[in-house]
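Below is one structure, written out as structure tokens, with a few remarks after it.
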Number of protein chains: 2
Amino acid sequence: MQRMVEWITDDEDPRIADYRDVRERDLVGRRGLFVAEGAVVLRGLLDSPFALTRSILVAEARLPGLSELLARVPPGTPVFAASQAVMDTIVGFPIHRGILALGETPPPRDPASMLSDVGAGGLVLALSCIANHDNMGGLFRNAAAFGVDAVVLDAGCCDPFYRKALRVSVGAVLQVPQVRLLPGADMVSGLQAAGFHVLALSPSGTEDLASIGGGGRVAVILGAEGPGLAPEVLARCETVRIPMAAGFDSLNVATTSGIVLHHLRSRSGDAG
Amino acid sequence: MQRMVEWITDDEDPRIADYRDVRERDLVGRRGLFVAEGAVVLRGLLDSPFALTRSILVAEARLPGLSELLARVPPGTPVFAASQAVMDTIVGFPIHRGILALGETPPPRDPASMLSDVGAGGLVLALSCIANHDNMGGLFRNAAAFGVDAVVLDAGCCDPFYRKALRVSVGAVLQVPQVRLLPGADMVSGLQAAGFHVLALSPSGTEDLASIGGGGRVAVILGAEGPGLAPEVLARCETVRIPMAAGFDSLNVATTSGIVLHHLRSRSGDAG
């Protein structure tokens with residue numbers, strides 16, 4: 001079935017105003033909207049249990065290859081099409097992927113309510129002060145791969161709905177339930193009050209990861225590379241380290257999440 | 001001890017010709033030279049067991065903070081200093097890190113000779129057709145973190161000495177012994193002839209990673225995301241999968257290396 005499209009021939013067309021100057025808008029935010037780029041992220045958006053698709057903009061040459069995906073767009077959601085030249089002008093740079101979508105950021109959720117929904121054997125990834133969008137995307141990709149039940153972000157984390165984080169996550173940001181804490185909220189207390197056993201990863205951790213068993217409701221806290229987690233966080237958690245070669249104690253935080261989540265899932269005998 | 005520096009006031013100075021237009025030269029290669037960027041990679045270069053430092057170029061404002069590092073530069077190796085403005089003009093873009101070095105790519109090694117140097121319990125990371133420089137850097141970072149004895153690259157891999165790969169590796173490319181195979185060389189046969197048990201990672205692998213024991217001389221083959229490893233490679237190896245959540249079978253290749261290397265090192269009870 002061919003999806004009906006609305007043709008855009010003028011880059012000043014008000015219907016596509018939210019797609020103009022994508023990179024500049026990345027920097028200032030979009031007040032409740034986000035931009036998804038590429039077919040993989042669009043698939044994640046269309047399948048998202050919590051993010052709505054407001055509209056889609058496709059380069060003419062991409063239309064035939066995307067017909068299966070576009071057929072799944074809800075009837076009330078406009079699909080705009082433009083020549084590559086008009087699309088490049090709208091976006092502000094050559095948009096080789098030729099497909100963008102506007103999504104609506106989900107409304108804030110109550111952390112306690114979300115955490116109480118996580119069942120026995122549930123696994124939560126809790127992130128503190130992750131400032132790099134590539135890492136944020138990689139963390140969500142791994143959370144999805146290992147069936148994490150929820151991601152908790154503190155107020156110091158960057159925005160997972162930022163275009164590059166969405167892309168690096170291969171759409172996982174739009175799949176994994178997530179909640180952002182308000183500034184000053186205490187992540188450790190919140191997780192413990194919700195009944196989670198809290199593991200905090202640190203090169204100075206007292207337990208080797210390999211000795212950590214699975215089972216129960218577990219939350220894993222990761223901080224930014226470099227500063228790591230605050231001492232007042234580490235003091236209230238079971239601290240865990242990943243043993244490394246002498247003279248080298250540096251792992252990327254997204255890679256760390258993959259190692260920890262794989263270990264916990266393989267111990268509990270359940271990949272999600 | 002203050003290191004003597006040679007001042008550059010003219011961006012056409014022939015002494016710094018190899019630093020001109022860094023990005024353009026990234027694309028065409030440097031015939032046996034590479035550019036290291038930032039203090040972390042420079043430290044890896046100065047400590048490298050196989051790569052020589054030809055010269056260093058530092059922005060004036062960075063000199064005081066780098067005195068400890070620069071004191072370790074061998075006496076015959078020139079350290080050039082320039083104002084930030086002259087350095088930006090030389091490099092071709094604003095070089096915020098303010099420190100670059102030229103290194104010499106090590107001469108090619110014989111794969112069989114390098115592999116025969118790997119002892120009992122040795123671990124080799126073998127890479128096939130890794131085309132993305134971020135992934136290449138992340139793979140080397142993980143290889144160093146888990147004390148991999150050698151990295152073997154097939155002819156389809158991108159260059160680990162490319163500036164961005166060096167940076168993402170936090171200098172590990174300059175620390176881990178490595179060898180590149182000639183076009184047409186058979187990676188699996190080479191590893192098996194050298195006495196390695198060869199594991200090939202694939203979403204279609206028959207063994208779960210968690211069931212793989214440590215011990216012995218092991219080589220892990222990883223291919224590019226997307227295409228993965230060729231069927232003729234998989235057919236001759238023990239194939240291993242990382243179990244993932246239903247509907248999501250996608251991990252970044254560098255993250256995959258971290259998961260596999262951590263598992264094998266924790267099973268053999270030795271992080272390197």
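Identifiers in this document derive from the order of the structure tokens: chains are assigned A, B, ..., residues are numbered from 1 separately in each chain, and ligands are numbered from 1 in order of occurrence.
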Item checked: Spatial neighbours of region 128-136 of chain B, max dist 9 Å, only C-alpha atoms, sep filter under 5 positions, as a ChimeraX atom specification -> /B:141,152-160,162-169,173,187,221-225,228-229,252-255
Output file for the residues above (C-alpha atoms, as a JSON list (two decimals), in the first residue's frame):
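Printed below is selection-v3.json as written:
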[["chain", "number", "residue", "atom", "x", "y", "z"],
["B", 141, "ARG", "CA", 40.94, 0.65, 24.26],
["B", 152, "VAL", "CA", 45.43, -8.95, 14.32],
["B", 153, "LEU", "CA", 43.83, -6.82, 11.61],
["B", 154, "ASP", "CA", 42.80, -8.12, 8.22],
["B", 155, "ALA", "CA", 43.38, -6.07, 5.08],
["B", 156, "GLY", "CA", 39.76, -4.85, 5.18],
["B", 157, "CYS", "CA", 40.23, -2.95, 8.45],
["B", 158, "CYS", "CA", 40.64, 0.81, 8.60],
["B", 159, "ASP", "CA", 43.83, 2.36, 9.93],
["B", 160, "PRO", "CA", 44.19, 2.34, 13.75],
["B", 162, "TYR", "CA", 44.20, 7.50, 12.03],
["B", 163, "ARG", "CA", 43.92, 10.54, 14.33],
["B", 164, "LYS", "CA", 40.38, 9.88, 15.56],
["B", 165, "ALA", "CA", 40.99, 6.18, 16.19],
["B", 166, "LEU", "CA", 44.06, 7.08, 18.26],
["B", 167, "ARG", "CA", 42.02, 9.57, 20.28],
["B", 168, "VAL", "CA", 39.09, 7.22, 20.95],
["B", 169, "SER", "CA", 41.57, 4.52, 21.97],
["B", 173, "VAL", "CA", 46.65, 1.84, 19.67],
["B", 187, "MET", "CA", 43.03, -15.07, 9.26],
["B", 221, "ILE", "CA", 37.38, -12.81, 15.85],
["B", 222, "LEU", "CA", 35.02, -9.86, 15.47],
["B", 223, "GLY", "CA", 33.57, -8.53, 12.24],
["B", 224, "ALA", "CA", 31.87, -5.30, 11.31],
["B", 225, "GLU", "CA", 28.36, -4.61, 12.56],
["B", 228, "GLY", "CA", 29.16, -9.61, 10.37],
["B", 229, "LEU", "CA", 31.66, -12.36, 9.71],
["B", 252, "ASN", "CA", 28.20, -2.12, 19.00],
["B", 253, "VAL", "CA", 31.33, -4.07, 18.00],
["B", 254, "ALA", "CA", 33.58, -2.29, 20.51],
["B", 255, "THR", "CA", 31.07, -2.98, 23.29]]
Next item on the list: Could the residues of chain B within 6 Å of chain A, counting only C-alpha atoms, be given as a PyMOL selection string, please?
Entry: chain B and resi 145-147+243-245+248+255+259+271-272
Write a file of the selected residues as a PDB file, in the first residue's frame, keeping N, CA and C atoms.
ATOM      1  N   ALA B 145      42.686  -2.533  28.006  1.00  0.00           N
ATOM      2  CA  ALA B 145      42.098  -2.657  29.349  1.00  0.00           C
ATOM      3  C   ALA B 145      42.146  -4.097  29.838  1.00  0.00           C
ATOM      4  N   PHE B 146      41.966  -5.041  28.936  1.00  0.00           N
ATOM      5  CA  PHE B 146      41.932  -6.440  29.357  1.00  0.00           C
ATOM      6  C   PHE B 146      43.218  -7.197  28.993  1.00  0.00           C
ATOM      7  N   GLY B 147      44.270  -6.449  28.736  1.00  0.00           N
ATOM      8  CA  GLY B 147      45.585  -7.069  28.570  1.00  0.00           C
ATOM      9  C   GLY B 147      45.686  -8.030  27.409  1.00  0.00           C
ATOM     10  N   PRO B 243      23.610 -13.536  24.278  1.00  0.00           N
ATOM     11  CA  PRO B 243      22.140 -13.536  24.281  1.00  0.00           C
ATOM     12  C   PRO B 243      21.600 -12.127  24.528  1.00  0.00           C
ATOM     13  N   MET B 244      20.586 -11.776  23.793  1.00  0.00           N
ATOM     14  CA  MET B 244      19.987 -10.455  23.929  1.00  0.00           C
ATOM     15  C   MET B 244      18.482 -10.554  24.063  1.00  0.00           C
ATOM     16  N   ALA B 245      17.886  -9.408  24.431  1.00  0.00           N
ATOM     17  CA  ALA B 245      16.442  -9.352  24.601  1.00  0.00           C
ATOM     18  C   ALA B 245      15.743  -9.631  23.273  1.00  0.00           C
ATOM     19  N   PHE B 248      15.729  -7.444  19.796  1.00  0.00           N
ATOM     20  CA  PHE B 248      16.875  -6.524  19.752  1.00  0.00           C
ATOM     21  C   PHE B 248      18.128  -7.366  19.724  1.00  0.00           C
ATOM     22  N   THR B 255      31.721  -2.492  22.070  1.00  0.00           N
ATOM     23  CA  THR B 255      31.070  -2.982  23.291  1.00  0.00           C
ATOM     24  C   THR B 255      31.137  -4.508  23.349  1.00  0.00           C
ATOM     25  N   ILE B 259      32.663  -6.966  26.371  1.00  0.00           N
ATOM     26  CA  ILE B 259      31.921  -8.053  27.030  1.00  0.00           C
ATOM     27  C   ILE B 259      32.686  -9.371  26.919  1.00  0.00           C
ATOM     28  N   ALA B 271      43.392 -10.594  34.699  1.00  0.00           N
ATOM     29  CA  ALA B 271      43.043  -9.434  33.869  1.00  0.00           C
ATOM     30  C   ALA B 271      44.211  -9.009  33.002  1.00  0.00           C
ATOM     31  N   GLY B 272      45.260  -9.774  32.962  1.00  0.00           N
ATOM     32  CA  GLY B 272      46.410  -9.423  32.134  1.00  0.00           C
ATOM     33  C   GLY B 272      47.607  -9.186  33.031  1.00  0.00           C
TER      34      GLY B 272
END
Note to self: Need to verify the contact set: region 78-90 of chain A, 6 Å, only C-alpha atoms, exclusion of same-chain residues closer than 3 positions in sequence. Can you return it as a ChimeraX atom specification?
What the structure shows: /A:5-8,11,20,55-60,93-95
The selected residues should be written to file as a PDB file, in the first residue's frame (atoms: N, CA, C and O atoms).
ATOM      1  N   VAL A   5       1.550  11.120   0.465  1.00  0.00           N
ATOM      2  CA  VAL A   5       2.499  12.110   0.978  1.00  0.00           C
ATOM      3  C   VAL A   5       2.050  13.516   0.578  1.00  0.00           C
ATOM      4  O   VAL A   5       1.293  13.685  -0.389  1.00  0.00           O
ATOM      5  N   GLU A   6       2.484  14.494   1.344  1.00  0.00           N
ATOM      6  CA  GLU A   6       2.259  15.909   1.009  1.00  0.00           C
ATOM      7  C   GLU A   6       3.564  16.471   0.457  1.00  0.00           C
ATOM      8  O   GLU A   6       4.590  16.422   1.132  1.00  0.00           O
ATOM      9  N   TRP A   7       3.524  17.018  -0.746  1.00  0.00           N
ATOM     10  CA  TRP A   7       4.754  17.507  -1.366  1.00  0.00           C
ATOM     11  C   TRP A   7       5.103  18.907  -0.893  1.00  0.00           C
ATOM     12  O   TRP A   7       4.244  19.789  -0.827  1.00  0.00           O
ATOM     13  N   ILE A   8       6.384  19.092  -0.593  1.00  0.00           N
ATOM     14  CA  ILE A   8       6.908  20.399  -0.178  1.00  0.00           C
ATOM     15  C   ILE A   8       7.856  20.881  -1.284  1.00  0.00           C
ATOM     16  O   ILE A   8       8.845  20.202  -1.587  1.00  0.00           O
ATOM     17  N   ASP A  11      11.074  25.755   0.612  1.00  0.00           N
ATOM     18  CA  ASP A  11      11.685  25.492   1.914  1.00  0.00           C
ATOM     19  C   ASP A  11      11.166  26.424   3.010  1.00  0.00           C
ATOM     20  O   ASP A  11      11.490  26.238   4.189  1.00  0.00           O
ATOM     21  N   ARG A  20      13.426  23.146  10.017  1.00  0.00           N
ATOM     22  CA  ARG A  20      14.423  24.091   9.502  1.00  0.00           C
ATOM     23  C   ARG A  20      15.612  24.191  10.445  1.00  0.00           C
ATOM     24  O   ARG A  20      15.458  24.214  11.654  1.00  0.00           O
ATOM     25  N   SER A  55       5.286  14.175  12.704  1.00  0.00           N
ATOM     26  CA  SER A  55       5.316  14.191  11.238  1.00  0.00           C
ATOM     27  C   SER A  55       6.632  13.589  10.765  1.00  0.00           C
ATOM     28  O   SER A  55       7.544  13.336  11.565  1.00  0.00           O
ATOM     29  N   ILE A  56       6.700  13.352   9.429  1.00  0.00           N
ATOM     30  CA  ILE A  56       7.880  12.739   8.815  1.00  0.00           C
ATOM     31  C   ILE A  56       8.218  13.539   7.568  1.00  0.00           C
ATOM     32  O   ILE A  56       7.311  14.027   6.884  1.00  0.00           O
ATOM     33  N   LEU A  57       9.515  13.696   7.298  1.00  0.00           N
ATOM     34  CA  LEU A  57       9.974  14.406   6.096  1.00  0.00           C
ATOM     35  C   LEU A  57      10.976  13.506   5.373  1.00  0.00           C
ATOM     36  O   LEU A  57      11.995  13.110   5.953  1.00  0.00           O
ATOM     37  N   VAL A  58      10.665  13.208   4.099  1.00  0.00           N
ATOM     38  CA  VAL A  58      11.462  12.235   3.340  1.00  0.00           C
ATOM     39  C   VAL A  58      11.935  12.853   2.033  1.00  0.00           C
ATOM     40  O   VAL A  58      11.168  13.567   1.366  1.00  0.00           O
ATOM     41  N   ALA A  59      13.179  12.563   1.666  1.00  0.00           N
ATOM     42  CA  ALA A  59      13.670  12.972   0.349  1.00  0.00           C
ATOM     43  C   ALA A  59      13.042  12.073  -0.710  1.00  0.00           C
ATOM     44  O   ALA A  59      12.908  10.856  -0.515  1.00  0.00           O
ATOM     45  N   GLU A  60      12.688  12.686  -1.817  1.00  0.00           N
ATOM     46  CA  GLU A  60      11.967  11.993  -2.897  1.00  0.00           C
ATOM     47  C   GLU A  60      12.614  10.650  -3.263  1.00  0.00           C
ATOM     48  O   GLU A  60      11.921   9.635  -3.388  1.00  0.00           O
ATOM     49  N   PHE A  93      21.912  21.366   5.917  1.00  0.00           N
ATOM     50  CA  PHE A  93      23.120  20.653   5.512  1.00  0.00           C
ATOM     51  C   PHE A  93      22.691  19.470   4.651  1.00  0.00           C
ATOM     52  O   PHE A  93      21.513  19.106   4.663  1.00  0.00           O
ATOM     53  N   PRO A  94      23.625  18.872   3.885  1.00  0.00           N
ATOM     54  CA  PRO A  94      23.235  17.737   3.033  1.00  0.00           C
ATOM     55  C   PRO A  94      22.827  16.548   3.902  1.00  0.00           C
ATOM     56  O   PRO A  94      23.651  16.011   4.638  1.00  0.00           O
ATOM     57  N   ILE A  95      21.568  16.181   3.848  1.00  0.00           N
ATOM     58  CA  ILE A  95      21.025  15.157   4.748  1.00  0.00           C
ATOM     59  C   ILE A  95      20.984  13.832   3.990  1.00  0.00           C
ATOM     60  O   ILE A  95      19.981  13.439   3.385  1.00  0.00           O
TER      61      ILE A  95
END
Margin query: If we count only C-alpha atoms and set the cut-off at 9 Å, which residues sit around Leu69 (chain A), ignoring sequence neighbours fewer than 5 positions away in its own chain? Please answer as a ChimeraX atom specification.
Written below: /A:39,42-43,46
Kindly save the residues from that selection, with N, CA, C and O atoms included, as a PDB file, in the first residue's frame.
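This is the output file result-v3.pdb:
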ATOM      1  N   ALA A  39      16.223   5.679   8.964  1.00  0.00           N
ATOM      2  CA  ALA A  39      15.152   4.680   8.999  1.00  0.00           C
ATOM      3  C   ALA A  39      15.154   3.871  10.299  1.00  0.00           C
ATOM      4  O   ALA A  39      14.086   3.524  10.814  1.00  0.00           O
ATOM      5  N   LEU A  42      13.596   5.984  12.983  1.00  0.00           N
ATOM      6  CA  LEU A  42      12.170   6.150  12.697  1.00  0.00           C
ATOM      7  C   LEU A  42      11.383   4.894  13.063  1.00  0.00           C
ATOM      8  O   LEU A  42      10.282   4.967  13.626  1.00  0.00           O
ATOM      9  N   ARG A  43      11.969   3.734  12.792  1.00  0.00           N
ATOM     10  CA  ARG A  43      11.298   2.488  13.177  1.00  0.00           C
ATOM     11  C   ARG A  43      11.100   2.449  14.691  1.00  0.00           C
ATOM     12  O   ARG A  43      10.019   2.099  15.184  1.00  0.00           O
ATOM     13  N   LEU A  46       8.217   4.813  15.530  1.00  0.00           N
ATOM     14  CA  LEU A  46       6.881   4.289  15.192  1.00  0.00           C
ATOM     15  C   LEU A  46       6.464   3.167  16.143  1.00  0.00           C
ATOM     16  O   LEU A  46       5.279   3.010  16.443  1.00  0.00           O
TER      17      LEU A  46
END
Checklist line | Shell around region 108-112 of chain A at 9 Å using only C-alpha atoms, local window under 2 positions removed, as a PyMOL selection string | finding: chain A and resi 105-106+114-117+152+178-181+190-191+193-194
Just-selected residues, N, CA and C atoms written as a PDB file, in the first residue's frame:
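The file below, selection09.pdb, is the result:
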ATOM      1  N   THR A 105       8.374  14.513  22.870  1.00  0.00           N
ATOM      2  CA  THR A 105       8.973  13.996  24.095  1.00  0.00           C
ATOM      3  C   THR A 105       7.862  13.584  25.048  1.00  0.00           C
ATOM      4  N   PRO A 106       7.964  12.388  25.644  1.00  0.00           N
ATOM      5  CA  PRO A 106       6.893  11.958  26.546  1.00  0.00           C
ATOM      6  C   PRO A 106       6.816  12.856  27.788  1.00  0.00           C
ATOM      7  N   MET A 114       7.195   4.595  38.518  1.00  0.00           N
ATOM      8  CA  MET A 114       7.829   3.775  37.489  1.00  0.00           C
ATOM      9  C   MET A 114       8.617   2.626  38.113  1.00  0.00           C
ATOM     10  N   LEU A 115       9.357   2.912  39.192  1.00  0.00           N
ATOM     11  CA  LEU A 115      10.187   1.868  39.804  1.00  0.00           C
ATOM     12  C   LEU A 115       9.330   0.776  40.435  1.00  0.00           C
ATOM     13  N   SER A 116       8.157   1.161  40.937  1.00  0.00           N
ATOM     14  CA  SER A 116       7.312   0.140  41.567  1.00  0.00           C
ATOM     15  C   SER A 116       6.734  -0.810  40.516  1.00  0.00           C
ATOM     16  N   ASP A 117       6.726  -0.370  39.246  1.00  0.00           N
ATOM     17  CA  ASP A 117       6.244  -1.244  38.169  1.00  0.00           C
ATOM     18  C   ASP A 117       7.244  -2.336  37.792  1.00  0.00           C
ATOM     19  N   VAL A 152      17.005   5.207  34.749  1.00  0.00           N
ATOM     20  CA  VAL A 152      16.798   6.386  35.602  1.00  0.00           C
ATOM     21  C   VAL A 152      17.945   7.355  35.344  1.00  0.00           C
ATOM     22  N   GLN A 178      11.933   5.186  30.727  1.00  0.00           N
ATOM     23  CA  GLN A 178      12.952   6.021  31.362  1.00  0.00           C
ATOM     24  C   GLN A 178      12.284   7.100  32.178  1.00  0.00           C
ATOM     25  N   VAL A 179      13.026   7.565  33.186  1.00  0.00           N
ATOM     26  CA  VAL A 179      12.512   8.631  34.040  1.00  0.00           C
ATOM     27  C   VAL A 179      13.690   9.516  34.432  1.00  0.00           C
ATOM     28  N   ARG A 180      13.423  10.823  34.480  1.00  0.00           N
ATOM     29  CA  ARG A 180      14.481  11.764  34.850  1.00  0.00           C
ATOM     30  C   ARG A 180      14.164  12.332  36.222  1.00  0.00           C
ATOM     31  N   LEU A 181      15.142  12.318  37.114  1.00  0.00           N
ATOM     32  CA  LEU A 181      14.966  12.861  38.456  1.00  0.00           C
ATOM     33  C   LEU A 181      15.058  14.383  38.432  1.00  0.00           C
ATOM     34  N   GLY A 190      16.164   6.793  46.440  1.00  0.00           N
ATOM     35  CA  GLY A 190      14.970   6.446  45.666  1.00  0.00           C
ATOM     36  C   GLY A 190      14.978   4.996  45.228  1.00  0.00           C
ATOM     37  N   LEU A 191      16.131   4.519  44.782  1.00  0.00           N
ATOM     38  CA  LEU A 191      16.225   3.129  44.335  1.00  0.00           C
ATOM     39  C   LEU A 191      16.091   2.171  45.521  1.00  0.00           C
ATOM     40  N   ALA A 193      14.615   2.768  48.401  1.00  0.00           N
ATOM     41  CA  ALA A 193      13.249   2.824  48.926  1.00  0.00           C
ATOM     42  C   ALA A 193      12.298   1.988  48.068  1.00  0.00           C
ATOM     43  N   ALA A 194      12.629   1.863  46.785  1.00  0.00           N
ATOM     44  CA  ALA A 194      11.792   1.055  45.894  1.00  0.00           C
ATOM     45  C   ALA A 194      12.171  -0.423  45.956  1.00  0.00           C
TER      46      ALA A 194
END
Notebook entry, point to check: Expressed in Å to a single decimal, how great is the separation between CA of Leu199 (chain B) and CA of Gly213 (chain A)?
Noted result: 25.6 Å
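Omitting Ala235 (chain A) and its sequence neighbours fewer than 4 positions away, and counting only C-alpha atoms, the residues within 12 Å are Val188, Val198, Leu199, Ala200, Leu201, Ser202, Ser204, Gly205, Thr206, Leu229, Ala230, Pro231, Thr239 and Val240 of chain A.
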Next item on the list: Check region 109-232 of chain A with DSSP on the backbone and list each residue it calls strand (DSSP E), as a list in words.
Entry: Leu123, Val124, Leu125, Ala126, Leu127, Ser128, Ala150, Val151, Val152, Leu153, Gln178, Val179, Arg180, His197, Val198, Leu199, Ala200, Leu201, Glu207, Asp208, Val218, Ala219, Val220, Ile221, Leu222 and Gly223 of chain A
Next item on the list: Identify which of the residues A:Gly121, A:Gly171, A:Pro177, A:Gly184 lies closest to Gly44 (chain A), counting only C-alpha atoms when measuring atom-to-atom distances.
Entry: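 With only C-alpha atoms as the atom set, the closest residue is A:Gly171.
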Item checked: Option closest in space to Ala150 (chain B), from B:Ala101, B:His197, B:Val218, B:Arg62 [counting only C-alpha atoms] -> B:Val218
Next item on the list: Check region 175-230 of chain B with DSSP on the backbone and list each residue it calls alpha helix (DSSP H), as number ranges by chain.
Entry: B: 187-193
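Our summary of the geometry notes that CA of Val40 (chain B) is positioned 21.9 Å from CA of Asp21 (chain B).
From CA of Val124 (chain A) back to CA of Ser268 (chain A), the distance works out to 14.1 Å.
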